[in-house]
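S.K.: Pasting start29.txt here (compact mmCIF, C-alpha atoms and all ligand atoms):
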```txt
# COMPACT_ATOMS: atom_id res chain seq x y z
CA MET A 1 73.05 129.52 18.58
CA THR A 2 71.07 132.57 17.51
CA HIS A 3 70.96 135.66 19.63
CA SER A 4 68.09 137.16 17.70
CA HIS A 5 65.41 137.57 20.36
CA ASN A 6 67.60 139.22 22.93
CA SER A 7 68.97 142.64 23.35
CA GLY A 8 70.41 144.91 25.97
CA SER A 9 73.46 145.00 28.14
CA LEU A 10 72.84 141.69 29.89
CA TRP A 11 72.81 139.83 26.60
CA ASN A 12 75.90 141.73 25.43
CA GLU A 13 77.65 140.73 28.61
CA LEU A 14 76.74 137.10 28.01
CA GLY A 15 77.98 137.33 24.44
CA ASP A 16 80.47 134.55 23.83
CA GLY A 17 80.95 133.81 27.48
CA LEU A 18 78.90 130.61 27.67
CA PRO A 19 78.81 128.64 29.84
CA VAL A 20 78.92 131.42 32.39
CA GLU A 21 81.37 131.39 35.29
CA ARG A 22 81.06 132.30 38.97
CA GLU A 23 81.24 136.07 38.81
CA LEU A 24 78.73 136.59 36.03
CA ALA A 25 76.44 133.86 37.38
CA GLY A 26 76.42 135.69 40.72
CA ARG A 27 75.33 138.85 38.98
CA LEU A 28 72.71 137.13 36.83
CA ILE A 29 71.08 135.33 39.75
CA ARG A 30 70.45 138.76 41.24
CA ALA A 31 69.22 140.20 37.92
CA ARG A 32 66.85 143.14 38.30
CA ASP A 33 63.23 142.65 37.27
CA GLU A 34 63.77 144.64 34.09
CA GLU A 35 66.67 142.35 33.17
CA LEU A 36 64.68 139.17 33.76
CA PRO A 37 63.15 138.85 30.25
CA SER A 38 66.59 139.14 28.75
CA LEU A 39 68.02 136.54 31.17
CA LEU A 40 65.18 134.14 30.41
CA GLY A 41 65.58 134.69 26.69
CA ALA A 42 69.27 133.83 26.89
CA ALA A 43 68.58 130.66 28.88
CA ALA A 44 65.79 129.57 26.55
CA ALA A 45 68.10 130.09 23.56
CA VAL A 46 70.75 127.83 25.12
CA LYS A 47 68.11 125.18 25.80
CA GLU A 48 66.87 125.34 22.21
CA HIS A 49 70.40 124.91 20.95
CA PHE A 50 70.82 121.88 23.20
CA ARG A 51 67.42 120.18 22.77
CA PRO A 52 65.43 121.94 20.06
CA ARG A 53 61.66 121.88 20.58
CA VAL A 54 61.62 118.89 22.95
CA ILE A 55 60.71 118.52 26.62
CA THR A 56 60.97 115.08 28.20
CA TYR A 57 59.32 113.46 31.20
CA SER A 58 59.31 110.05 32.85
CA ARG A 59 56.10 108.21 33.63
CA LYS A 60 56.72 106.79 37.07
CA VAL A 61 55.22 104.94 39.96
CA PHE A 62 56.39 106.28 43.30
CA LEU A 63 57.46 103.67 45.85
CA PRO A 64 58.11 105.15 49.30
CA LEU A 65 59.92 102.04 50.56
CA THR A 66 60.16 103.46 54.07
CA ASN A 67 59.35 106.87 55.45
CA LEU A 68 61.43 106.29 58.57
CA CYS A 69 64.53 108.45 58.45
CA ARG A 70 67.32 109.25 60.87
CA ASP A 71 67.49 112.88 59.67
CA TYR A 72 65.18 115.75 60.59
CA CYS A 73 65.35 118.22 57.72
CA GLY A 74 63.37 121.33 58.58
CA TYR A 75 61.31 121.27 55.35
CA CYS A 76 60.47 117.55 55.25
CA ILE A 77 56.92 116.28 55.51
CA PHE A 78 57.80 112.78 54.31
CA ARG A 79 59.82 111.50 57.25
CA ARG A 80 58.37 109.77 60.31
CA ASP A 81 59.58 108.39 63.61
CA PRO A 82 58.40 104.81 64.22
CA ALA A 83 55.68 105.91 66.68
CA ASP A 84 54.30 108.63 64.39
CA ALA A 85 50.97 108.20 62.62
CA GLY A 86 51.59 107.07 59.06
CA ALA A 87 55.01 105.54 59.73
CA HIS A 88 55.39 102.74 57.23
CA THR A 89 57.82 100.40 55.56
CA MET A 90 56.38 98.78 52.44
CA THR A 91 56.27 94.99 52.30
CA PRO A 92 57.47 93.18 49.16
CA ASP A 93 53.81 92.50 48.29
CA GLU A 94 52.99 96.20 48.52
CA VAL A 95 55.99 97.07 46.35
CA LEU A 96 54.95 94.58 43.73
CA ALA A 97 51.27 95.54 43.76
CA ALA A 98 52.10 99.23 43.27
CA ALA A 99 54.67 98.48 40.57
CA LYS A 100 52.22 96.26 38.66
CA ALA A 101 49.47 98.88 38.90
CA GLY A 102 51.91 101.44 37.48
CA GLU A 103 52.93 99.09 34.71
CA LYS A 104 49.28 98.75 33.64
CA LEU A 105 49.09 102.55 33.36
CA GLY A 106 52.12 102.71 31.09
CA CYS A 107 54.77 103.64 33.67
CA CYS A 108 58.36 102.71 32.88
CA GLU A 109 60.01 103.92 36.09
CA ALA A 110 59.77 102.56 39.63
CA LEU A 111 61.03 105.46 41.74
CA PHE A 112 62.18 104.24 45.15
CA SER A 113 62.35 107.13 47.62
CA LEU A 114 63.14 106.49 51.23
CA GLY A 115 64.51 107.87 54.42
CA ASP A 116 68.21 107.75 55.14
CA LYS A 117 69.57 104.82 57.23
CA PRO A 118 66.58 104.60 59.65
CA GLU A 119 67.94 101.40 61.21
CA ARG A 120 70.85 103.35 62.68
CA ALA A 121 68.42 105.44 64.76
CA PHE A 122 65.47 103.15 65.40
CA PRO A 123 65.41 99.64 66.91
CA GLU A 124 61.92 99.26 65.37
CA MET A 125 63.44 99.50 61.89
CA ARG A 126 66.10 96.97 62.81
CA ALA A 127 63.31 94.62 63.91
CA THR A 128 61.35 95.20 60.69
CA LEU A 129 64.41 94.45 58.59
CA ARG A 130 65.16 91.32 60.62
CA LYS A 131 61.60 90.11 60.05
CA LEU A 132 61.93 90.78 56.33
CA GLY A 133 65.30 89.01 56.30
CA TYR A 134 67.66 91.90 55.51
CA ARG A 135 70.66 93.41 57.27
CA SER A 136 70.04 97.03 56.32
CA THR A 137 67.62 99.28 54.47
CA LEU A 138 69.98 99.30 51.49
CA HIS A 139 70.03 95.48 51.37
CA TYR A 140 66.22 95.53 51.38
CA LEU A 141 66.14 98.22 48.69
CA GLU A 142 68.48 96.20 46.49
CA ALA A 143 66.24 93.15 46.83
CA MET A 144 63.12 95.19 45.99
CA CYS A 145 64.81 96.61 42.88
CA GLU A 146 65.58 93.03 41.84
CA LEU A 147 61.98 92.02 42.53
CA VAL A 148 60.65 94.82 40.32
CA LEU A 149 63.11 93.85 37.57
CA ARG A 150 62.14 90.17 37.76
CA GLU A 151 58.38 90.61 37.98
CA THR A 152 57.62 93.71 35.90
CA ALA A 153 58.92 95.66 32.92
CA LEU A 154 59.62 98.71 35.08
CA LEU A 155 63.12 100.08 35.58
CA PRO A 156 64.04 101.02 39.16
CA HIS A 157 65.58 104.38 40.02
CA ALA A 158 66.63 104.68 43.67
CA ASN A 159 67.07 107.75 45.90
CA PRO A 160 68.19 106.20 49.18
CA GLY A 161 70.23 109.10 50.57
CA LEU A 162 73.95 108.90 51.23
CA MET A 163 75.64 105.75 49.96
CA SER A 164 79.11 104.29 50.31
CA GLU A 165 81.09 103.63 47.16
CA GLU A 166 80.26 99.94 47.46
CA TRP A 167 76.56 100.70 47.61
CA THR A 168 76.58 103.04 44.62
CA GLU A 169 78.10 100.15 42.69
CA ARG A 170 75.65 97.55 44.03
CA LEU A 171 72.57 99.67 43.44
CA GLY A 172 73.95 100.77 40.07
CA ALA A 173 73.79 97.11 39.05
CA VAL A 174 70.03 96.93 39.67
CA CYS A 175 69.06 100.52 38.70
CA PRO A 176 69.96 102.11 35.36
CA SER A 177 70.33 105.41 37.23
CA LEU A 178 70.54 106.61 40.83
CA GLY A 179 69.81 109.91 42.52
CA LEU A 180 70.87 112.07 45.42
CA MET A 181 69.95 115.72 45.67
CA LEU A 182 73.01 117.74 46.58
CA GLU A 183 70.51 120.45 47.66
CA THR A 184 73.18 122.97 48.58
CA THR A 185 76.89 123.25 49.23
CA SER A 186 76.22 125.72 52.05
CA ARG A 187 77.49 124.49 55.42
CA ALA A 188 75.65 127.37 57.10
CA LEU A 189 72.47 125.30 56.85
CA LEU A 190 73.96 122.83 59.35
CA HIS A 191 74.02 125.49 62.08
CA SER A 192 71.60 125.50 64.99
CA GLY A 193 68.08 126.45 63.89
CA ALA A 194 68.85 126.08 60.17
CA ALA A 195 67.25 123.60 57.76
CA HIS A 196 69.88 120.88 58.22
CA ASP A 197 70.82 121.29 61.86
CA ARG A 198 69.53 117.80 62.72
CA ALA A 199 70.43 116.13 59.45
CA PRO A 200 73.81 114.39 59.62
CA ASP A 201 73.37 113.08 56.07
CA LYS A 202 73.08 116.61 54.64
CA VAL A 203 76.74 117.53 55.14
CA PRO A 204 77.61 118.83 51.66
CA ALA A 205 81.05 117.16 51.49
CA LEU A 206 79.51 113.75 52.15
CA ARG A 207 76.90 114.21 49.45
CA LEU A 208 79.53 115.38 46.98
CA ARG A 209 81.50 112.23 47.79
CA THR A 210 78.55 109.93 47.01
CA ILE A 211 78.03 111.71 43.69
CA GLU A 212 81.74 111.40 42.96
CA ASP A 213 81.71 107.68 43.82
CA ALA A 214 78.85 107.16 41.38
CA GLY A 215 80.92 108.98 38.77
CA ARG A 216 83.87 106.69 39.34
CA HIS A 217 81.57 103.75 38.56
CA GLN A 218 79.98 105.51 35.57
CA ILE A 219 76.49 105.37 37.03
CA PRO A 220 74.12 107.86 35.42
CA PHE A 221 73.19 110.18 38.24
CA THR A 222 70.41 112.61 39.06
CA THR A 223 71.12 115.43 41.46
CA GLY A 224 70.05 118.99 41.99
CA LEU A 225 69.36 122.02 44.13
CA LEU A 226 66.68 122.69 46.69
CA ILE A 227 66.13 126.44 46.76
CA GLY A 228 64.63 128.67 49.41
CA ILE A 229 65.80 126.74 52.49
CA GLY A 230 68.07 129.44 53.85
CA GLU A 231 70.82 129.49 51.25
CA THR A 232 71.90 132.67 49.48
CA PRO A 233 71.74 133.20 45.70
CA GLU A 234 75.53 132.90 45.69
CA ASP A 235 75.23 129.51 47.43
CA ARG A 236 73.01 128.38 44.55
CA VAL A 237 75.69 129.37 42.07
CA GLU A 238 78.33 127.46 44.10
CA THR A 239 76.08 124.40 44.13
CA LEU A 240 75.64 124.57 40.36
CA LEU A 241 79.39 124.94 39.87
CA ALA A 242 80.10 121.95 42.13
CA ILE A 243 77.70 119.80 40.10
CA ARG A 244 79.22 121.00 36.83
CA GLU A 245 82.71 120.22 38.11
CA LEU A 246 81.74 116.64 38.98
CA HIS A 247 80.17 116.22 35.56
CA ARG A 248 83.29 117.55 33.86
CA ARG A 249 85.37 114.97 35.73
CA PHE A 250 83.16 111.92 35.26
CA GLY A 251 80.49 112.78 32.65
CA HIS A 252 77.79 111.00 34.66
CA ILE A 253 75.34 113.71 35.78
CA GLN A 254 72.30 112.87 33.69
CA GLU A 255 70.03 115.50 35.15
CA VAL A 256 70.05 118.53 37.46
CA ILE A 257 66.80 119.25 39.27
CA VAL A 258 65.96 122.75 40.43
CA GLN A 259 63.42 122.20 43.17
CA ASN A 260 61.71 125.00 45.03
CA PHE A 261 60.86 124.75 48.74
CA ARG A 262 57.12 124.63 49.34
CA VAL A 263 55.82 125.42 52.77
CA LYS A 264 53.60 122.86 54.48
CA PRO A 265 51.81 122.85 57.81
CA ALA A 266 53.43 120.69 60.50
CA ILE A 267 57.01 121.03 59.33
CA PRO A 268 59.64 122.80 61.44
CA MET A 269 59.88 125.45 58.69
CA ALA A 270 56.09 125.99 58.55
CA SER A 271 56.44 129.76 58.81
CA TRP A 272 59.40 130.00 56.44
CA PRO A 273 58.80 132.07 53.28
CA GLU A 274 58.69 130.20 50.00
CA PRO A 275 61.06 131.29 47.26
CA SER A 276 59.30 133.65 44.88
CA ARG A 277 58.47 132.83 41.30
CA GLY A 278 61.22 135.28 40.30
CA ASP A 279 63.79 133.43 42.47
CA MET A 280 62.85 130.17 40.81
CA LEU A 281 63.02 131.59 37.28
CA ARG A 282 66.37 133.29 37.92
CA THR A 283 67.82 130.09 39.38
CA VAL A 284 66.61 127.89 36.52
CA ALA A 285 67.89 130.37 33.95
CA VAL A 286 71.29 130.67 35.62
CA ALA A 287 71.44 126.87 35.89
CA ARG A 288 70.95 126.67 32.14
CA LEU A 289 73.65 129.27 31.47
CA VAL A 290 76.12 127.64 33.89
CA LEU A 291 75.40 124.04 32.93
CA GLY A 292 74.97 124.55 29.16
CA ASP A 293 74.39 121.15 27.58
CA MET A 294 73.15 119.32 30.67
CA ASN A 295 69.60 118.17 31.33
CA ILE A 296 67.70 120.50 33.64
CA GLN A 297 64.44 119.56 35.29
CA ALA A 298 61.95 121.48 37.38
CA PRO A 299 58.92 119.68 38.83
CA PRO A 300 55.64 121.11 37.49
CA ASN A 301 53.60 120.24 40.59
CA LEU A 302 55.71 122.56 42.74
CA SER A 303 54.97 125.53 40.49
CA SER A 304 51.24 125.04 39.96
CA PRO A 305 49.03 126.36 38.62
CA ASP A 306 51.03 128.27 35.99
CA TYR A 307 53.97 125.86 35.89
CA ASP A 308 54.45 126.29 32.14
CA VAL A 309 56.32 129.55 32.83
CA LEU A 310 59.29 127.32 33.77
CA LEU A 311 59.64 126.52 30.07
CA THR A 312 60.64 130.13 29.47
CA ALA A 313 63.68 129.71 31.75
CA GLY A 314 65.37 126.87 29.88
CA ILE A 315 64.33 123.57 31.46
CA ASN A 316 64.23 120.57 29.13
CA ASP A 317 62.51 118.06 31.39
CA TRP A 318 59.47 117.87 33.68
CA GLY A 319 60.82 114.96 35.71
CA GLY A 320 58.81 112.03 36.93
CA VAL A 321 55.08 112.38 36.45
CA SER A 322 52.80 109.81 37.99
CA PRO A 323 49.47 108.72 36.60
CA LEU A 324 48.91 106.69 39.78
CA THR A 325 50.66 107.64 43.01
CA PRO A 326 50.57 110.98 44.80
CA ASP A 327 53.80 112.87 45.39
CA PHE A 328 54.65 111.63 48.88
CA ILE A 329 57.34 114.26 49.29
CA ASN A 330 54.92 117.11 48.51
CA PRO A 331 51.50 115.51 49.00
CA GLU A 332 49.70 118.84 48.90
CA ALA A 333 50.83 119.40 45.31
CA PRO A 334 49.29 116.86 42.93
CA TRP A 335 50.96 116.22 39.62
CA PRO A 336 49.24 117.72 36.63
CA HIS A 337 47.31 115.34 34.47
CA LEU A 338 49.50 114.09 31.65
CA ALA A 339 47.13 115.35 28.95
CA GLU A 340 47.25 118.84 30.45
CA LEU A 341 51.04 118.70 30.73
CA GLU A 342 51.23 117.78 27.06
CA ARG A 343 48.80 120.53 26.04
CA ARG A 344 50.79 123.21 27.84
CA THR A 345 54.10 121.89 26.57
CA GLN A 346 52.79 122.00 23.01
CA ALA A 347 51.35 125.47 23.53
CA ALA A 348 54.91 126.58 24.30
CA GLY A 349 56.05 125.19 20.95
CA GLN A 350 57.63 122.04 22.43
CA ARG A 351 57.01 118.35 21.88
CA LEU A 352 56.52 116.20 24.99
CA GLU A 353 58.49 112.95 24.87
CA HIS A 354 58.40 110.00 27.25
CA ARG A 355 61.87 109.09 28.48
CA LEU A 356 63.01 106.29 30.74
CA CYS A 357 64.47 106.92 34.22
CA VAL A 358 67.87 106.93 32.54
CA TYR A 359 68.34 109.69 29.96
CA PRO A 360 68.71 108.66 26.30
CA GLU A 361 72.37 109.61 26.02
CA PHE A 362 73.27 107.12 28.79
CA VAL A 363 71.12 104.21 27.62
CA GLU A 364 73.66 102.57 25.32
CA GLN A 365 76.39 102.57 27.97
CA VAL A 366 74.16 100.95 30.62
CA ALA A 367 72.45 98.55 28.20
CA ALA A 368 75.83 97.17 27.12
CA ARG A 369 76.47 95.68 30.58
CA PRO A 370 75.60 92.07 31.41
CA GLY A 371 72.67 91.13 33.67
CA LEU A 372 68.92 91.39 34.08
CA MET A 373 68.76 95.18 34.50
CA PRO A 374 70.49 95.91 31.17
CA ASP A 375 68.26 93.26 29.50
CA ARG A 376 65.19 95.07 30.80
CA LEU A 377 66.62 98.40 29.68
CA ARG A 378 67.19 97.15 26.13
CA ALA A 379 63.59 95.92 26.05
CA ALA A 380 62.24 99.26 27.33
CA ALA A 381 64.21 101.63 25.08
CA ASP A 382 63.47 102.56 21.50
CA ASP A 383 66.22 103.27 18.98
CA ARG A 384 66.55 106.86 20.24
CA GLY A 385 66.95 105.72 23.85
CA LEU A 386 63.48 106.98 24.81
CA ALA A 387 60.61 104.84 26.15
CA ARG A 388 59.39 102.38 23.57
CA ALA A 389 55.79 103.17 22.62
CA ALA A 390 53.36 100.80 24.37
S1 LIG B 401 64.46 115.22 53.30
FE1 LIG B 401 65.17 113.09 53.19
S2 LIG B 401 66.89 113.00 54.61
FE2 LIG B 401 65.73 114.85 55.14
S3 LIG B 401 64.28 114.19 56.73
FE3 LIG B 401 63.23 114.01 54.78
S4 LIG B 401 63.52 111.88 54.16
FE4 LIG B 401 65.04 112.34 55.73
```
Could I get this structure in the form of structure tokens?
Ligand code: SF4
M.R.:
Amino acid sequence: MTHSHNSGSLWNELGDGLPVERELAGRLIRARDEELPSLLGAAAAVKEHFRPRVITYSRKVFLPLTNLCRDYCGYCIFRRDPADAGAHTMTPDEVLAAAKAGEKLGCCEALFSLGDKPERAFPEMRATLRKLGYRSTLHYLEAMCELVLRETALLPHANPGLMSEEWTERLGAVCPSLGLMLETTSRALLHSGAAHDRAPDKVPALRLRTIEDAGRHQIPFTTGLLIGIGETPEDRVETLLAIRELHRRFGHIQEVIVQNFRVKPAIPMASWPEPSRGDMLRTVAVARLVLGDMNIQAPPNLSSPDYDVLLTAGINDWGGVSPLTPDFINPEAPWPHLAELERRTQAAGQRLEHRLCVYPEFVEQVAARPGLMPDRLRAAADDRGLARAA
């Protein structure tokens, strides 16, 4: 790695100490404004060493299988109770129609996002599942992943919330990769009035256990941080270190997302301040310096309009970008048009490449398994493990 475009005491402190550890990371995440360019330069240099001149993204169709959820996270605009306007569980026909429309537009990923275990809270969801012929939301999700695999060329990636070890294994057989945002390791957010006080599935130890279970089964896994929901900068460092530790043990974390809280009307945290641009840049840069050679993503639509500044902090991926479906999690923030994303990426001296839901370095391992999902993966991947050109 070259240290040429950096100077000053911060860079000297970084010196040979990469990846950075707790104490230094805690100092860097509180870097003063005048230190920020040097911090960003260091992070960008580490990214260039890891993935020179390339930024990836996944072209996806978003499938909100159900927006019923038993949790009440203070920042969530996606979730509904059964009686709420807009409450909906997709039918198999709706899943297939959306997946096929995405396929026509060149999508390779069917991203299933859904509320956590709604049938445990709502008899209405139990009735819906009974009518559909499934015992639980996860059974239904598994069947819909199989449907997408059978009927389209898309690869499913599922984010169903907490899973047992058995379910990570079952869903890992129909999805090349799975996801669960760790969000934070801070238990303070479970306290009364905090972001997770009515969210039993956001207990950090439980989320760490799901990620660990996925590691035990060698399932490529996406996780990440949600910043600005009441955690401290030191909590962010702890969250990054916990993710790094799991990756060191199992080698399965394919991607770490740094997501910034965006305020929306009609959420419990509607008057909560958003994290500043500086918070976001510091967190992404520290993530790069702590995680080193791991994939780091930040969603462009949550940093519009000048999202390209994230490239200066060391990300190497824009995440899932949809040519078709709105972002149901942040509906007020449309994804940038792909052509514009490519233009800005190139303007920053980077090449935009289309990856699959599973990152290239994990493709061979998943494609070597038996079954329909690995067959579909082999058909979708080119010889570098990226999306085969249409
Ligand atoms: S963020 Fe996820 S777990 Fe929390 S309320 Fe929304 S859908 Fe449910």
S.K.: Closest to ligand LIG 401 (chain B) among A:Leu162, A:Val263, A:Leu141, A:Leu28, using all atoms listed in the file?
M.R.: A:Leu162
S.K.: CA of Val321 in chain A to CA of Ile55 in chain A: how many Å, to one decimal?
M.R.: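 Going from CA of Val321 in chain A over to CA of Ile55 in chain A, I get 12.9 Å.
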S.K.: What residues have any atom no more than 9 Å from ligand LIG 401 (chain B) when counting all atoms listed in the file, and can you list them as a tab-separated table (two decimals) with C-alpha atoms, in the frame of the given file?
M.R.:
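Writing done, so here's result34.tsv:
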```tsv
chain	number	residue	atom	x	y	z
A	67	ASN	CA	59.35	106.87	55.45
A	68	LEU	CA	61.43	106.29	58.57
A	69	CYS	CA	64.53	108.45	58.45
A	70	ARG	CA	67.32	109.25	60.87
A	71	ASP	CA	67.49	112.88	59.67
A	72	TYR	CA	65.18	115.75	60.59
A	73	CYS	CA	65.35	118.22	57.72
A	74	GLY	CA	63.37	121.33	58.58
A	75	TYR	CA	61.31	121.27	55.35
A	76	CYS	CA	60.47	117.55	55.25
A	77	ILE	CA	56.92	116.28	55.51
A	78	PHE	CA	57.80	112.78	54.31
A	79	ARG	CA	59.82	111.50	57.25
A	80	ARG	CA	58.37	109.77	60.31
A	113	SER	CA	62.35	107.13	47.62
A	114	LEU	CA	63.14	106.49	51.23
A	115	GLY	CA	64.51	107.87	54.42
A	116	ASP	CA	68.21	107.75	55.14
A	117	LYS	CA	69.57	104.82	57.23
A	118	PRO	CA	66.58	104.60	59.65
A	160	PRO	CA	68.19	106.20	49.18
A	161	GLY	CA	70.23	109.10	50.57
A	162	LEU	CA	73.95	108.90	51.23
A	196	HIS	CA	69.88	120.88	58.22
A	198	ARG	CA	69.53	117.80	62.72
A	199	ALA	CA	70.43	116.13	59.45
A	200	PRO	CA	73.81	114.39	59.62
A	201	ASP	CA	73.37	113.08	56.07
A	202	LYS	CA	73.08	116.61	54.64
A	329	ILE	CA	57.34	114.26	49.29
```
S.K.: Compare A:Thr152, A:Ser186, A:Ser304, A:Thr312 by their minimum atom-to-atom distance to Val46 in chain A, counting all atoms listed in the file, and give me the closest one.
M.R.: A:Thr312
S.K.: At a cut-off of 9 Å, using only C-alpha atoms, what residues contact Asp235 in chain A? Leave out same-chain residues fewer than 5 positions from it and give the result as a PyMOL selection string.
M.R.: chain A and resi 184-186+240
S.K.: Skip range 29-31 of chain A itself and residues of its chain fewer than 5 positions away, then list as a PyMOL selection string all residues within 7 Å of it, counting all atoms listed in the file.
M.R.: chain A and resi 36+233+282-283+286
S.K.: Those same residues - C-alpha atoms - I'd like them written as a compact mmCIF listing (two decimals), in the coordinates of the input.
M.R.:
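After the write, result09.txt holds the following:
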```txt
# COMPACT_ATOMS: atom_id res chain seq x y z
CA LEU A 36 64.68 139.17 33.76
CA PRO A 233 71.74 133.20 45.70
CA ARG A 282 66.37 133.29 37.92
CA THR A 283 67.82 130.09 39.38
CA VAL A 286 71.29 130.67 35.62
```
